[in-house]
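Everything below concerns the one structure shown next.
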Amino acid sequence: MGKVNIIQDGIYEIENFISDSDIKYILSFVNLVDDKGWKYFNKGSVQYDINPDELPPEYFLCVNNIQNRILDYFTNVTKSDPIFFVKRLKEQEHMPLHKDLGPDMTDPIRFGIVLYLNDDFSGGELYYKDIDLKIKPKRGSLMIHKSTLEHKVLTVQEGKRYFMTSFIFGDEETNVKTK
């Protein structure tokens, strides 16, 4: 397991969480050139419409391995959303202020997860409003934050920002393993 950097209470970063070869492999299944295949979803993010029937078994092995490695960093997880879809923000796009709270509070989201697939863009920082903290994503890094922290993605000024997300569900005992 890689080292968990505590950025602030409830915000964690694991640098070099995935390899360049895994990043290249994942990005090989999305259109990096234009808007074909990209669809708008909630909170302003754009997600690539991957058809699971068209993916090789190796893709599932890759993303399942990533998901299992993410889960290794937590205690008392009841479930998690799979990391599967690649999301994108391009120039002049952003993600509005929000919290990662799920509608089903009997099994609530405890942590939001963001896996960064590139960092060759300007703008697009992760911003936590209540603590006035701005974080520039690093290629291959994994950011973890408590679901109750209000955050947004600032406007991408130049380039395209590629990432994947997941959510960790649990109770008050669900935590990040920092050691």
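So you can find residues: chains in the structure tokens are A, B, ... in the order shown, residues in each start at 1, and ligands are numbered from 1 in order.
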message = From a backbone DSSP assignment, name each residue in segment 20-164 of chain A labelled alpha helix (DSSP H), as number ranges by chain.
response = A: 20-27, 57-71
request  = Tell me, as a list in words, which residues lie within 8 Å of Val176 of chain A, counting only C-alpha atoms; anything in the same chain fewer than 3 positions away does not count.
outcome  = Tyr73, Phe74 and Thr75 of chain A
message = Give me, as a ChimeraX atom specification, all polymer residues having an atom no more than 8 Å from Val86 of chain A, counting only C-alpha atoms and skipping those fewer than 5 positions away in the same chain.
response = /A:27,30,47-48,162-164
Contacts of Gly140 of chain A within 7 Å, only C-alpha atoms, excl. fewer than 6 positions in-chain, as a count of residues only = 8
message = Which residues are close to Asp49 of chain A, i.e. within 7 Å by only C-alpha atoms, leaving aside same-chain residues fewer than 3 positions away? Reply as a list in words.
response = Gly37, Trp38 and Lys39 of chain A
Next, write the just-selected residues to a file, as a JSON list (two decimals), in the first residue's frame, keeping N, CA and C atoms as the atom set.
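For reference, out_1.json as written:
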[["chain", "number", "residue", "atom", "x", "y", "z"],
["A", 37, "GLY", "N", -19.27, 10.24, -28.03],
["A", 37, "GLY", "CA", -19.31, 9.25, -26.95],
["A", 37, "GLY", "C", -19.39, 9.84, -25.56],
["A", 38, "TRP", "N", -19.17, 11.14, -25.40],
["A", 38, "TRP", "CA", -19.23, 11.78, -24.09],
["A", 38, "TRP", "C", -20.65, 12.27, -23.82],
["A", 39, "LYS", "N", -21.17, 11.99, -22.63],
["A", 39, "LYS", "CA", -22.54, 12.37, -22.28],
["A", 39, "LYS", "C", -22.54, 13.08, -20.93]]
message = So that I can check the surroundings of Pro52 of chain A, please list as a ChimeraX atom specification every protein, DNA and RNA residue that reaches within 10 Å of it, counting only C-alpha atoms and ignoring chain neighbours fewer than 6 positions away.
response = /A:59-60,84
Convert the current residue selection to file output with C-alpha atoms, as a compact mmCIF listing (two decimals), in the first residue's frame.
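Output file again-v3.txt is given in full below:
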# COMPACT_ATOMS: atom_id res chain seq x y z
CA TYR A 59 -10.57 -3.94 -18.73
CA PHE A 60 -12.74 -5.40 -15.96
CA PHE A 84 -15.64 2.04 -14.05
Write out as CSV a residue-level contact list of segment 4-96 of chain A versus segment 123-138 of chain A with cut-off 10 Å: for each qualifying residue the closest pair of atoms and the distance in Å to one decimal, counting only C-alpha atoms, rows sorted by chain and residue number upward.
residue,atom,partner,partner_atom,distance
A:Ile7,CA,A:Ile135,CA,9.5
A:Gln8,CA,A:Ile131,CA,9.2
A:Ile11,CA,A:Tyr128,CA,9.6
A:Glu13,CA,A:Pro137,CA,9.7
A:Ile14,CA,A:Lys138,CA,9.9
A:Glu15,CA,A:Lys138,CA,7.4
A:Asn16,CA,A:Lys138,CA,8.3
A:Leu89,CA,A:Gly124,CA,8.0
A:Lys90,CA,A:Gly124,CA,8.9
A:Glu91,CA,A:Gly123,CA,8.9
A:Gln92,CA,A:Gly123,CA,9.3
A:Glu93,CA,A:Gly124,CA,8.4
A:His94,CA,A:Gly124,CA,6.9
A:Met95,CA,A:Gly124,CA,8.9
Mind dumping the selected residues with C-alpha atoms as a PDB file, in the first residue's frame?
ATOM      1  CA  ILE A   7      -3.915  16.964   3.610  1.00  0.00           C
ATOM      2  CA  GLN A   8      -6.319  18.090   6.309  1.00  0.00           C
ATOM      3  CA  ILE A  11      -8.945  14.963   3.077  1.00  0.00           C
ATOM      4  CA  GLU A  13      -4.106  11.874  -1.021  1.00  0.00           C
ATOM      5  CA  ILE A  14      -2.276   8.795  -2.228  1.00  0.00           C
ATOM      6  CA  GLU A  15       0.239   9.787  -4.883  1.00  0.00           C
ATOM      7  CA  ASN A  16       1.138   7.377  -7.705  1.00  0.00           C
ATOM      8  CA  LEU A  89     -14.110  18.254 -17.917  1.00  0.00           C
ATOM      9  CA  LYS A  90     -12.842  20.313 -20.844  1.00  0.00           C
ATOM     10  CA  GLU A  91     -12.043  23.991 -21.252  1.00  0.00           C
ATOM     11  CA  GLN A  92     -14.564  26.305 -19.568  1.00  0.00           C
ATOM     12  CA  GLU A  93     -16.283  23.391 -17.796  1.00  0.00           C
ATOM     13  CA  HIS A  94     -16.426  22.937 -14.031  1.00  0.00           C
ATOM     14  CA  MET A  95     -18.293  20.976 -11.394  1.00  0.00           C
TER      15      MET A  95
END
request  = Show which residues sit within 12 Å of Phe167 of chain A, as a PyMOL selection string. Count only C-alpha atoms, and ignore same-chain residues fewer than 2 positions away.
outcome  = chain A and resi 67+70-71+74+77-84+99-102+107-115+143-147+164-165+169-170
query = Tell me, which residues of chain A carry DSSP strand (DSSP E or B), written as a PyMOL selection string?
reply = chain A and resi 5-8+11-14+38-40+46-48+74-80+87-90+95-98+109-116+122-123+126-128+133-135+142-146+151-153+156-158+160-176
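Checking A:Glu173, A:Cys62, A:Thr178, A:Asn68 one by one against Ser21 of chain A, counting only C-alpha atoms, you find the shortest gap at A:Cys62.
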inquiry  = Which residue is closest to Val153 of chain A? Choose from A:Leu97, A:Ile23, A:Val63, A:Val46 and count only C-alpha atoms.
reply    = A:Leu97
key: From A:Ser141, A:Asn51, A:Asn31, A:Asn175, residue lying nearest Asp119 of chain A [only C-alpha atoms]   =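 That would be A:Ser141, the residue with the smallest distance to Asp119 of chain A.
Rounded to one decimal, atom CA of Ile66 of chain A and atom CA of Ile26 of chain A lie 11.1 Å from each other.
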query = Which of these residues is nearest to Glu172 of chain A, using only C-alpha atoms: A:Thr148, A:Asn76, A:Thr155, A:Asn118?
reply = A:Asn76
